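Shown below: input.pdb, with PDB, N, CA and C atoms.
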ATOM      1  N   MET A 231       6.503   2.693  20.917
ATOM      2  CA  MET A 231       7.743   2.633  20.167
ATOM      3  C   MET A 231       8.109   1.168  19.915
ATOM      4  N   LEU A 232       8.627   0.879  18.758
ATOM      5  CA  LEU A 232       9.006  -0.475  18.411
ATOM      6  C   LEU A 232      10.334  -0.840  19.063
ATOM      7  N   ASN A 233      10.403  -2.033  19.630
ATOM      8  CA  ASN A 233      11.613  -2.456  20.322
ATOM      9  C   ASN A 233      12.404  -3.507  19.561
ATOM     10  N   THR A 234      11.857  -4.027  18.497
ATOM     11  CA  THR A 234      12.538  -5.072  17.754
ATOM     12  C   THR A 234      12.856  -4.587  16.343
ATOM     13  N   GLU A 235      13.900  -5.145  15.804
ATOM     14  CA  GLU A 235      14.277  -4.816  14.438
ATOM     15  C   GLU A 235      13.423  -5.639  13.480
ATOM     16  N   GLU A 236      12.908  -4.995  12.453
ATOM     17  CA  GLU A 236      12.064  -5.666  11.477
ATOM     18  C   GLU A 236      12.761  -5.704  10.128
ATOM     19  N   ASP A 237      12.482  -6.753   9.361
ATOM     20  CA  ASP A 237      12.961  -6.732   7.990
ATOM     21  C   ASP A 237      11.862  -6.135   7.118
ATOM     22  N   LEU A 238      12.219  -5.806   5.903
ATOM     23  CA  LEU A 238      11.306  -5.121   5.000
ATOM     24  C   LEU A 238      10.065  -5.953   4.690
ATOM     25  N   LEU A 239      10.239  -7.245   4.505
ATOM     26  CA  LEU A 239       9.101  -8.116   4.210
ATOM     27  C   LEU A 239       8.088  -8.073   5.347
ATOM     28  N   HIS A 240       8.576  -8.121   6.577
ATOM     29  CA  HIS A 240       7.660  -8.059   7.718
ATOM     30  C   HIS A 240       6.993  -6.695   7.811
ATOM     31  N   LEU A 241       7.769  -5.648   7.688
ATOM     32  CA  LEU A 241       7.254  -4.290   7.835
ATOM     33  C   LEU A 241       6.145  -3.986   6.830
ATOM     34  N   LEU A 242       6.330  -4.390   5.580
ATOM     35  CA  LEU A 242       5.379  -4.017   4.519
ATOM     36  C   LEU A 242       4.309  -5.064   4.223
ATOM     37  N   PHE A 243       4.538  -6.317   4.615
ATOM     38  CA  PHE A 243       3.599  -7.369   4.225
ATOM     39  C   PHE A 243       3.146  -8.288   5.350
ATOM     40  N   ARG A 244       3.966  -8.533   6.357
ATOM     41  CA  ARG A 244       3.676  -9.563   7.348
ATOM     42  C   ARG A 244       3.070  -9.063   8.656
ATOM     43  N   CYS A 245       3.403  -7.867   9.083
ATOM     44  CA  CYS A 245       2.892  -7.422  10.380
ATOM     45  C   CYS A 245       1.382  -7.213  10.278
ATOM     46  N   PRO A 246       0.662  -7.385  11.375
ATOM     47  CA  PRO A 246      -0.805  -7.253  11.342
ATOM     48  C   PRO A 246      -1.284  -5.904  10.813
ATOM     49  N   PHE A 247      -0.579  -4.832  11.153
ATOM     50  CA  PHE A 247      -0.981  -3.518  10.642
ATOM     51  C   PHE A 247      -0.872  -3.469   9.118
ATOM     52  N   ALA A 248       0.247  -3.934   8.578
ATOM     53  CA  ALA A 248       0.423  -3.928   7.122
ATOM     54  C   ALA A 248      -0.640  -4.785   6.450
ATOM     55  N   GLN A 249      -0.927  -5.936   7.013
ATOM     56  CA  GLN A 249      -1.939  -6.814   6.426
ATOM     57  C   GLN A 249      -3.316  -6.146   6.433
ATOM     58  N   ALA A 250      -3.614  -5.425   7.498
ATOM     59  CA  ALA A 250      -4.897  -4.709   7.555
ATOM     60  C   ALA A 250      -4.954  -3.611   6.493
ATOM     61  N   CYS A 251      -3.830  -2.945   6.272
ATOM     62  CA  CYS A 251      -3.784  -1.906   5.228
ATOM     63  C   CYS A 251      -3.991  -2.516   3.846
ATOM     64  N   TRP A 252      -3.318  -3.623   3.566
ATOM     65  CA  TRP A 252      -3.477  -4.298   2.278
ATOM     66  C   TRP A 252      -4.918  -4.756   2.086
ATOM     67  N   SER A 253      -5.574  -5.173   3.165
ATOM     68  CA  SER A 253      -6.949  -5.667   3.027
ATOM     69  C   SER A 253      -7.903  -4.565   2.579
ATOM     70  N   THR A 254      -7.549  -3.293   2.823
ATOM     71  CA  THR A 254      -8.410  -2.211   2.334
ATOM     72  C   THR A 254      -8.432  -2.160   0.810
ATOM     73  N   LEU A 255      -7.443  -2.774   0.185
ATOM     74  CA  LEU A 255      -7.399  -2.840  -1.280
ATOM     75  C   LEU A 255      -8.011  -4.133  -1.805
ATOM     76  N   ASN A 256      -8.595  -4.908  -0.898
ATOM     77  CA  ASN A 256      -9.233  -6.179  -1.255
ATOM     78  C   ASN A 256      -8.266  -7.168  -1.893
ATOM     79  N   VAL A 257      -7.070  -7.257  -1.330
ATOM     80  CA  VAL A 257      -6.099  -8.244  -1.797
ATOM     81  C   VAL A 257      -5.673  -9.133  -0.640
ATOM     82  N   TYR A 258      -5.305 -10.334  -0.978
ATOM     83  CA  TYR A 258      -4.833 -11.321  -0.023
ATOM     84  C   TYR A 258      -3.324 -11.459  -0.193
ATOM     85  N   LEU A 259      -2.596 -11.378   0.896
ATOM     86  CA  LEU A 259      -1.144 -11.539   0.844
ATOM     87  C   LEU A 259      -0.797 -13.013   1.005
ATOM     88  N   PRO A 260      -0.090 -13.580   0.049
ATOM     89  CA  PRO A 260       0.272 -15.000   0.151
ATOM     90  C   PRO A 260       1.271 -15.226   1.281
ATOM     91  N   ASN A 261       1.255 -16.402   1.837
ATOM     92  CA  ASN A 261       2.176 -16.755   2.914
ATOM     93  C   ASN A 261       3.485 -17.236   2.302
ATOM     94  N   SER A 262       4.295 -16.291   1.886
ATOM     95  CA  SER A 262       5.568 -16.607   1.243
ATOM     96  C   SER A 262       6.611 -15.593   1.682
ATOM     97  N   ASP A 263       7.834 -16.062   1.851
ATOM     98  CA  ASP A 263       8.940 -15.164   2.165
ATOM     99  C   ASP A 263       9.667 -14.712   0.901
ATOM    100  N   ASP A 264       9.182 -15.134  -0.231
ATOM    101  CA  ASP A 264       9.772 -14.746  -1.515
ATOM    102  C   ASP A 264       9.038 -13.509  -2.032
ATOM    103  N   ILE A 265       9.716 -12.386  -2.038
ATOM    104  CA  ILE A 265       9.097 -11.126  -2.440
ATOM    105  C   ILE A 265       8.542 -11.194  -3.864
ATOM    106  N   LEU A 266       9.193 -11.956  -4.734
ATOM    107  CA  LEU A 266       8.692 -12.078  -6.107
ATOM    108  C   LEU A 266       7.358 -12.816  -6.155
ATOM    109  N   VAL A 267       7.189 -13.804  -5.291
ATOM    110  CA  VAL A 267       5.912 -14.519  -5.202
ATOM    111  C   VAL A 267       4.828 -13.567  -4.696
ATOM    112  N   VAL A 268       5.156 -12.767  -3.693
ATOM    113  CA  VAL A 268       4.204 -11.798  -3.144
ATOM    114  C   VAL A 268       3.801 -10.791  -4.224
ATOM    115  N   LEU A 269       4.773 -10.240  -4.923
ATOM    116  CA  LEU A 269       4.473  -9.248  -5.960
ATOM    117  C   LEU A 269       3.656  -9.838  -7.105
ATOM    118  N   GLU A 270       3.983 -11.048  -7.520
ATOM    119  CA  GLU A 270       3.218 -11.694  -8.594
ATOM    120  C   GLU A 270       1.775 -11.931  -8.171
ATOM    121  N   SER A 271       1.590 -12.354  -6.929
ATOM    122  CA  SER A 271       0.238 -12.557  -6.423
ATOM    123  C   SER A 271      -0.543 -11.246  -6.397
ATOM    124  N   LEU A 272       0.094 -10.191  -5.941
ATOM    125  CA  LEU A 272      -0.567  -8.882  -5.914
ATOM    126  C   LEU A 272      -0.902  -8.407  -7.324
ATOM    127  N   LYS A 273       0.011  -8.611  -8.250
ATOM    128  CA  LYS A 273      -0.222  -8.225  -9.653
ATOM    129  C   LYS A 273      -1.468  -8.908 -10.202
ATOM    130  N   ILE A 274      -1.571 -10.193  -9.950
ATOM    131  CA  ILE A 274      -2.720 -10.960 -10.450
ATOM    132  C   ILE A 274      -4.014 -10.484  -9.798
ATOM    133  N   GLN A 275      -3.974 -10.273  -8.481
ATOM    134  CA  GLN A 275      -5.183  -9.864  -7.774
ATOM    135  C   GLN A 275      -5.635  -8.452  -8.133
ATOM    136  N   ILE A 276      -4.686  -7.540  -8.258
ATOM    137  CA  ILE A 276      -5.038  -6.160  -8.596
ATOM    138  C   ILE A 276      -5.558  -6.078 -10.023
ATOM    139  N   ASN A 277      -4.918  -6.835 -10.925
ATOM    140  CA  ASN A 277      -5.400  -6.974 -12.302
ATOM    141  C   ASN A 277      -5.634  -5.635 -13.003
ATOM    142  N   GLN A 278      -4.675  -4.750 -12.876
ATOM    143  CA  GLN A 278      -4.714  -3.459 -13.547
ATOM    144  C   GLN A 278      -3.350  -3.207 -14.175
ATOM    145  N   SER A 279      -3.325  -2.469 -15.255
ATOM    146  CA  SER A 279      -2.037  -2.158 -15.888
ATOM    147  C   SER A 279      -1.158  -1.307 -14.979
ATOM    148  N   PHE A 280      -1.748  -0.613 -14.039
ATOM    149  CA  PHE A 280      -1.021   0.262 -13.116
ATOM    150  C   PHE A 280      -0.855  -0.391 -11.738
ATOM    151  N   PHE A 281      -0.782  -1.724 -11.717
ATOM    152  CA  PHE A 281      -0.656  -2.455 -10.446
ATOM    153  C   PHE A 281       0.568  -2.040  -9.648
ATOM    154  N   MET A 282       1.680  -1.755 -10.321
ATOM    155  CA  MET A 282       2.907  -1.403  -9.598
ATOM    156  C   MET A 282       2.759  -0.052  -8.897
ATOM    157  N   GLU A 283       2.049   0.876  -9.511
ATOM    158  CA  GLU A 283       1.808   2.161  -8.866
ATOM    159  C   GLU A 283       0.987   1.974  -7.585
ATOM    160  N   ILE A 284       0.030   1.061  -7.629
ATOM    161  CA  ILE A 284      -0.781   0.756  -6.447
ATOM    162  C   ILE A 284       0.095   0.149  -5.360
ATOM    163  N   ILE A 285       0.906  -0.825  -5.720
ATOM    164  CA  ILE A 285       1.782  -1.502  -4.757
ATOM    165  C   ILE A 285       2.750  -0.507  -4.124
ATOM    166  N   ILE A 286       3.380   0.299  -4.930
ATOM    167  CA  ILE A 286       4.358   1.271  -4.413
ATOM    168  C   ILE A 286       3.677   2.289  -3.500
ATOM    169  N   THR A 287       2.505   2.744  -3.883
ATOM    170  CA  THR A 287       1.820   3.763  -3.086
ATOM    171  C   THR A 287       1.369   3.220  -1.735
ATOM    172  N   ILE A 288       0.848   1.997  -1.684
ATOM    173  CA  ILE A 288       0.429   1.446  -0.389
ATOM    174  C   ILE A 288       1.652   1.137   0.475
ATOM    175  N   CYS A 289       2.739   0.683  -0.136
ATOM    176  CA  CYS A 289       3.976   0.464   0.635
ATOM    177  C   CYS A 289       4.470   1.790   1.215
ATOM    178  N   TRP A 290       4.405   2.846   0.423
ATOM    179  CA  TRP A 290       4.819   4.171   0.896
ATOM    180  C   TRP A 290       3.948   4.618   2.073
ATOM    181  N   ALA A 291       2.634   4.403   1.962
ATOM    182  CA  ALA A 291       1.722   4.802   3.041
ATOM    183  C   ALA A 291       2.041   4.033   4.327
ATOM    184  N   ILE A 292       2.251   2.736   4.216
ATOM    185  CA  ILE A 292       2.604   1.925   5.387
ATOM    186  C   ILE A 292       3.920   2.414   5.981
ATOM    187  N   TRP A 293       4.902   2.642   5.130
ATOM    188  CA  TRP A 293       6.217   3.127   5.580
ATOM    189  C   TRP A 293       6.077   4.458   6.325
ATOM    190  N   MET A 294       5.306   5.376   5.766
ATOM    191  CA  MET A 294       5.145   6.695   6.383
ATOM    192  C   MET A 294       4.494   6.588   7.766
ATOM    193  N   LEU A 295       3.474   5.770   7.878
ATOM    194  CA  LEU A 295       2.805   5.645   9.164
ATOM    195  C   LEU A 295       3.688   4.957  10.200
ATOM    196  N   ARG A 296       4.452   3.964   9.772
ATOM    197  CA  ARG A 296       5.369   3.315  10.702
ATOM    198  C   ARG A 296       6.479   4.276  11.123
ATOM    199  N   SER A 297       6.919   5.127  10.217
ATOM    200  CA  SER A 297       7.921   6.134  10.564
ATOM    201  C   SER A 297       7.351   7.154  11.549
ATOM    202  N   ASP A 298       6.080   7.487  11.398
ATOM    203  CA  ASP A 298       5.443   8.412  12.338
ATOM    204  C   ASP A 298       5.478   7.865  13.767
ATOM    205  N   ILE A 299       5.334   6.560  13.915
ATOM    206  CA  ILE A 299       5.406   5.952  15.244
ATOM    207  C   ILE A 299       6.799   6.179  15.839
ATOM    208  N   ILE A 300       7.800   5.898  15.049
ATOM    209  CA  ILE A 300       9.186   5.947  15.530
ATOM    210  C   ILE A 300       9.666   7.381  15.763
ATOM    211  N   PHE A 301       9.436   8.251  14.797
ATOM    212  CA  PHE A 301      10.036   9.582  14.842
ATOM    213  C   PHE A 301       9.139  10.668  15.415
ATOM    214  N   LYS A 302       7.822  10.463  15.378
ATOM    215  CA  LYS A 302       6.909  11.505  15.856
ATOM    216  C   LYS A 302       6.013  11.035  16.999
ATOM    217  N   ASN A 303       6.119   9.745  17.332
ATOM    218  CA  ASN A 303       5.295   9.146  18.378
ATOM    219  C   ASN A 303       3.801   9.343  18.092
ATOM    220  N   ILE A 304       3.429   9.240  16.816
ATOM    221  CA  ILE A 304       2.038   9.363  16.386
ATOM    222  C   ILE A 304       1.503   7.958  16.118
ATOM    223  N   SER A 305       0.374   7.651  16.711
ATOM    224  CA  SER A 305      -0.228   6.334  16.516
ATOM    225  C   SER A 305      -0.655   6.134  15.064
ATOM    226  N   HIS A 306      -0.616   4.884  14.627
ATOM    227  CA  HIS A 306      -1.060   4.586  13.272
ATOM    228  C   HIS A 306      -2.438   3.939  13.321
ATOM    229  N   SER A 307      -3.139   4.043  12.207
ATOM    230  CA  SER A 307      -4.439   3.392  12.068
ATOM    231  C   SER A 307      -4.628   3.047  10.602
ATOM    232  N   VAL A 308      -5.462   2.072  10.369
ATOM    233  CA  VAL A 308      -5.751   1.680   8.989
ATOM    234  C   VAL A 308      -6.430   2.834   8.263
ATOM    235  N   GLN A 309      -7.268   3.576   8.958
ATOM    236  CA  GLN A 309      -7.942   4.708   8.330
ATOM    237  C   GLN A 309      -6.937   5.781   7.901
ATOM    238  N   ARG A 310      -5.936   6.055   8.739
ATOM    239  CA  ARG A 310      -4.891   7.013   8.358
ATOM    240  C   ARG A 310      -4.094   6.495   7.170
ATOM    241  N   CYS A 311      -3.823   5.190   7.155
ATOM    242  CA  CYS A 311      -3.087   4.603   6.037
ATOM    243  C   CYS A 311      -3.883   4.773   4.745
ATOM    244  N   LYS A 312      -5.165   4.532   4.834
ATOM    245  CA  LYS A 312      -6.036   4.687   3.667
ATOM    246  C   LYS A 312      -6.016   6.130   3.172
ATOM    247  N   SER A 313      -6.033   7.071   4.090
ATOM    248  CA  SER A 313      -5.990   8.485   3.729
ATOM    249  C   SER A 313      -4.661   8.854   3.069
ATOM    250  N   VAL A 314      -3.553   8.386   3.629
ATOM    251  CA  VAL A 314      -2.232   8.645   3.043
ATOM    252  C   VAL A 314      -2.146   8.005   1.662
ATOM    253  N   PHE A 315      -2.705   6.792   1.522
ATOM    254  CA  PHE A 315      -2.717   6.125   0.223
ATOM    255  C   PHE A 315      -3.489   6.951  -0.801
ATOM    256  N   LYS A 316      -4.679   7.399  -0.434
ATOM    257  CA  LYS A 316      -5.502   8.179  -1.367
ATOM    258  C   LYS A 316      -4.775   9.433  -1.841
ATOM    259  N   LYS A 317      -4.166  10.150  -0.908
ATOM    260  CA  LYS A 317      -3.436  11.364  -1.269
ATOM    261  C   LYS A 317      -2.246  11.036  -2.166
ATOM    262  N   GLY A 318      -1.533   9.980  -1.832
ATOM    263  CA  GLY A 318      -0.391   9.574  -2.650
ATOM    264  C   GLY A 318      -0.806   9.129  -4.035
ATOM    265  N   PHE A 319      -1.902   8.372  -4.112
ATOM    266  CA  PHE A 319      -2.347   7.889  -5.415
ATOM    267  C   PHE A 319      -2.903   9.031  -6.270
ATOM    268  N   ALA A 320      -3.469  10.040  -5.625
ATOM    269  CA  ALA A 320      -3.915  11.226  -6.368
ATOM    270  C   ALA A 320      -2.723  11.899  -7.048
ATOM    271  N   LEU A 321      -1.581  11.885  -6.394
ATOM    272  CA  LEU A 321      -0.368  12.438  -7.010
ATOM    273  C   LEU A 321       0.109  11.565  -8.169
ATOM    274  N   VAL A 322      -0.039  10.263  -8.035
ATOM    275  CA  VAL A 322       0.296   9.347  -9.135
ATOM    276  C   VAL A 322      -0.571   9.676 -10.346
ATOM    277  N   ILE A 323      -1.841   9.896 -10.109
ATOM    278  CA  ILE A 323      -2.764  10.211 -11.204
ATOM    279  C   ILE A 323      -2.343  11.496 -11.917
ATOM    280  N   LEU A 324      -1.924  12.498 -11.153
ATOM    281  CA  LEU A 324      -1.488  13.758 -11.761
ATOM    282  C   LEU A 324      -0.293  13.573 -12.686
ATOM    283  N   ARG A 325       0.578  12.615 -12.364
ATOM    284  CA  ARG A 325       1.779  12.383 -13.165
ATOM    285  C   ARG A 325       1.526  11.432 -14.340
ATOM    286  N   ALA A 326       0.378  10.795 -14.346
ATOM    287  CA  ALA A 326       0.068   9.838 -15.412
ATOM    288  C   ALA A 326      -0.334  10.560 -16.690
ATOM    289  N   LYS A 327      -0.254   9.837 -17.787
ATOM    290  CA  LYS A 327      -0.709  10.383 -19.061
ATOM    291  C   LYS A 327      -2.205  10.673 -18.966
ATOM    292  N   GLU A 328      -2.610  11.734 -19.616
ATOM    293  CA  GLU A 328      -4.004  12.174 -19.561
ATOM    294  C   GLU A 328      -4.976  11.062 -19.949
ATOM    295  N   ALA A 329      -4.610  10.248 -20.917
ATOM    296  CA  ALA A 329      -5.489   9.162 -21.371
ATOM    297  C   ALA A 329      -5.729   8.117 -20.286
ATOM    298  N   GLN A 330      -4.827   8.018 -19.319
ATOM    299  CA  GLN A 330      -4.974   7.026 -18.245
ATOM    300  C   GLN A 330      -5.796   7.539 -17.071
ATOM    301  N   HIS A 331      -6.026   8.839 -17.001
ATOM    302  CA  HIS A 331      -6.723   9.424 -15.854
ATOM    303  C   HIS A 331      -8.078   8.786 -15.578
ATOM    304  N   PRO A 332      -8.941   8.575 -16.581
ATOM    305  CA  PRO A 332     -10.255   7.996 -16.276
ATOM    306  C   PRO A 332     -10.171   6.625 -15.598
ATOM    307  N   SER A 333      -9.313   5.749 -16.081
ATOM    308  CA  SER A 333      -9.229   4.422 -15.464
ATOM    309  C   SER A 333      -8.612   4.484 -14.073
ATOM    310  N   LEU A 334      -7.643   5.364 -13.875
ATOM    311  CA  LEU A 334      -7.036   5.532 -12.553
ATOM    312  C   LEU A 334      -8.038   6.119 -11.566
ATOM    313  N   ASP A 335      -8.759   7.147 -11.998
ATOM    314  CA  ASP A 335      -9.782   7.756 -11.140
ATOM    315  C   ASP A 335     -10.874   6.758 -10.785
ATOM    316  N   LEU A 336     -11.324   6.003 -11.763
ATOM    317  CA  LEU A 336     -12.366   5.011 -11.539
ATOM    318  C   LEU A 336     -11.909   3.953 -10.541
ATOM    319  N   TRP A 337     -10.697   3.461 -10.709
ATOM    320  CA  TRP A 337     -10.172   2.463  -9.775
ATOM    321  C   TRP A 337     -10.131   3.037  -8.360
ATOM    322  N   LEU A 338      -9.606   4.236  -8.220
ATOM    323  CA  LEU A 338      -9.486   4.844  -6.894
ATOM    324  C   LEU A 338     -10.857   5.032  -6.266
ATOM    325  N   ASP A 339     -11.827   5.473  -7.024
ATOM    326  CA  ASP A 339     -13.184   5.666  -6.499
ATOM    327  C   ASP A 339     -13.840   4.352  -6.084
ATOM    328  N   ASN A 340     -13.599   3.287  -6.852
ATOM    329  CA  ASN A 340     -14.250   2.010  -6.597
ATOM    330  C   ASN A 340     -13.597   1.144  -5.536
ATOM    331  N   PHE A 341     -12.284   1.213  -5.422
ATOM    332  CA  PHE A 341     -11.589   0.262  -4.568
ATOM    333  C   PHE A 341     -11.032   0.837  -3.281
ATOM    334  N   VAL A 342     -11.067   2.127  -3.120
ATOM    335  CA  VAL A 342     -10.511   2.696  -1.887
ATOM    336  C   VAL A 342     -11.523   3.602  -1.235
TER     337      VAL A 342
END

Structure translated into structure tokens:
Amino acid sequence: MLNTEEDLLHLLFRCPFAQACWSTLNVYLPNSDDILVVLESLKIQINQSFFMEIIITICWAIWMLRSDIIFKNISHSVQRCKSVFKKGFALVILRAKEAQHPSLDLWLDNFV
């Protein structure tokens, strides 16, 4: 169980677990406390028109696993985060326009 209060930047980008989750997407998190700098760096590195969907989905996966620790006492792992991300991103693909499905599917197959 976590004993210290965390801010959002630490929870999603700075803690070692979050950084390990981000590394599964082959991105480097810049050492900045400015969320706009972090997001711009991720946008450039991801280099896809759907970069925000990727960012939101991995943040959601990290959030869910950290919540599991607190509320369900379930251990987290990078592999579980990757699995939650894949399932979440599959839902993003379902909501996307049909014309975008091939590029979204290809990205998911290649990078995760």

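For the residues A:Ile292, A:Ile274, A:Leu336, A:Leu238, ranking by smallest atom-to-atom distance to A:Lys312 using only C-alpha atoms places A:Ile292 first.
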
### Task
Would you please extract all alpha helix (DSSP H) residues from chain A, as assigned by DSSP on the backbone, and give them as a VMD selection string?
chain A and resid 238 to 239 246 to 253 265 to 276 281 to 297 308 to 325 331 to 341

#### Entry: the PyMOL selection byres ((chain A and resi 319) around 8) applied to the shown file, residues as a list in words
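What the PyMOL selection byres ((chain A and resi 319) around 8) grabs from the file is Glu283, Ile284, Thr287, Ile288, Ser313, Val314, Phe315, Lys316, Lys317, Gly318, Ala320, Leu321, Val322, Ile323, Leu324, Arg325, Leu334 and Leu338 of chain A.
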
Next, the residues of the selection above should be written as an mmCIF file, keeping the file's coordinate frame with N, CA and C atoms.
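See selection22.cif below for the written result:
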data_model
loop_
_atom_site.group_PDB
_atom_site.id
_atom_site.type_symbol
_atom_site.label_atom_id
_atom_site.label_comp_id
_atom_site.auth_asym_id
_atom_site.auth_seq_id
_atom_site.Cartn_x
_atom_site.Cartn_y
_atom_site.Cartn_z
ATOM 1 N N GLU A 283 2.049 0.876 -9.511
ATOM 2 C CA GLU A 283 1.808 2.161 -8.866
ATOM 3 C C GLU A 283 0.987 1.974 -7.585
ATOM 4 N N ILE A 284 0.030 1.061 -7.629
ATOM 5 C CA ILE A 284 -0.781 0.756 -6.447
ATOM 6 C C ILE A 284 0.095 0.149 -5.360
ATOM 7 N N THR A 287 2.505 2.744 -3.883
ATOM 8 C CA THR A 287 1.820 3.763 -3.086
ATOM 9 C C THR A 287 1.369 3.220 -1.735
ATOM 10 N N ILE A 288 0.848 1.997 -1.684
ATOM 11 C CA ILE A 288 0.429 1.446 -0.389
ATOM 12 C C ILE A 288 1.652 1.137 0.475
ATOM 13 N N SER A 313 -6.033 7.071 4.090
ATOM 14 C CA SER A 313 -5.990 8.485 3.729
ATOM 15 C C SER A 313 -4.661 8.854 3.069
ATOM 16 N N VAL A 314 -3.553 8.386 3.629
ATOM 17 C CA VAL A 314 -2.232 8.645 3.043
ATOM 18 C C VAL A 314 -2.146 8.005 1.662
ATOM 19 N N PHE A 315 -2.705 6.792 1.522
ATOM 20 C CA PHE A 315 -2.717 6.125 0.223
ATOM 21 C C PHE A 315 -3.489 6.951 -0.801
ATOM 22 N N LYS A 316 -4.679 7.399 -0.434
ATOM 23 C CA LYS A 316 -5.502 8.179 -1.367
ATOM 24 C C LYS A 316 -4.775 9.433 -1.841
ATOM 25 N N LYS A 317 -4.166 10.150 -0.908
ATOM 26 C CA LYS A 317 -3.436 11.364 -1.269
ATOM 27 C C LYS A 317 -2.246 11.036 -2.166
ATOM 28 N N GLY A 318 -1.533 9.980 -1.832
ATOM 29 C CA GLY A 318 -0.391 9.574 -2.650
ATOM 30 C C GLY A 318 -0.806 9.129 -4.035
ATOM 31 N N ALA A 320 -3.469 10.040 -5.625
ATOM 32 C CA ALA A 320 -3.915 11.226 -6.368
ATOM 33 C C ALA A 320 -2.723 11.899 -7.048
ATOM 34 N N LEU A 321 -1.581 11.885 -6.394
ATOM 35 C CA LEU A 321 -0.368 12.438 -7.010
ATOM 36 C C LEU A 321 0.109 11.565 -8.169
ATOM 37 N N VAL A 322 -0.039 10.263 -8.035
ATOM 38 C CA VAL A 322 0.296 9.347 -9.135
ATOM 39 C C VAL A 322 -0.571 9.676 -10.346
ATOM 40 N N ILE A 323 -1.841 9.896 -10.109
ATOM 41 C CA ILE A 323 -2.764 10.211 -11.204
ATOM 42 C C ILE A 323 -2.343 11.496 -11.917
ATOM 43 N N LEU A 324 -1.924 12.498 -11.153
ATOM 44 C CA LEU A 324 -1.488 13.758 -11.761
ATOM 45 C C LEU A 324 -0.293 13.573 -12.686
ATOM 46 N N ARG A 325 0.578 12.615 -12.364
ATOM 47 C CA ARG A 325 1.779 12.383 -13.165
ATOM 48 C C ARG A 325 1.526 11.432 -14.340
ATOM 49 N N LEU A 334 -7.643 5.364 -13.875
ATOM 50 C CA LEU A 334 -7.036 5.532 -12.553
ATOM 51 C C LEU A 334 -8.038 6.119 -11.566
ATOM 52 N N LEU A 338 -9.606 4.236 -8.220
ATOM 53 C CA LEU A 338 -9.486 4.844 -6.894
ATOM 54 C C LEU A 338 -10.857 5.032 -6.266
#

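Put simply, atom C of A:Met294 is 22.1 Å away from atom N of A:Leu272.
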
Test item: axis-aligned box, all listed atoms of stretch 316-320 of chain A, 5 Å on each side, centre and edges in Å rounded to one decimal, as lines of an AutoDock Vina configuration file:
center_x = -2.9
center_y = 9.6
center_z = -3.7
size_x = 15.1
size_y = 14.5
size_z = 16.6

### Task
Go ahead and compute the interatomic distance for atom CA of A:Trp290 and atom CA of A:Leu242, in Å to one decimal.
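It comes out at 9.0 Å.
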
### Message
For a test of reading the model, state the distance in Å between atom C of A:Cys245 and atom C of A:Ser307, rounded to one decimal.
### Response
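Result for atom C of A:Cys245 versus atom C of A:Ser307: 11.9 Å, one decimal.
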
### Message
Between A:Ala291, A:Ile286, A:Lys327, A:Lys273, which residue has the minimum interatomic distance to A:Cys311, considering only N, CA and C atoms?
### Response
A:Ala291

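Of the residues under consideration (A:Leu241, A:Asn340, A:Asp263, A:Thr254), A:Leu241 shows the shortest atom-to-atom contact distance to A:Cys289 when counting all atoms listed in the file.
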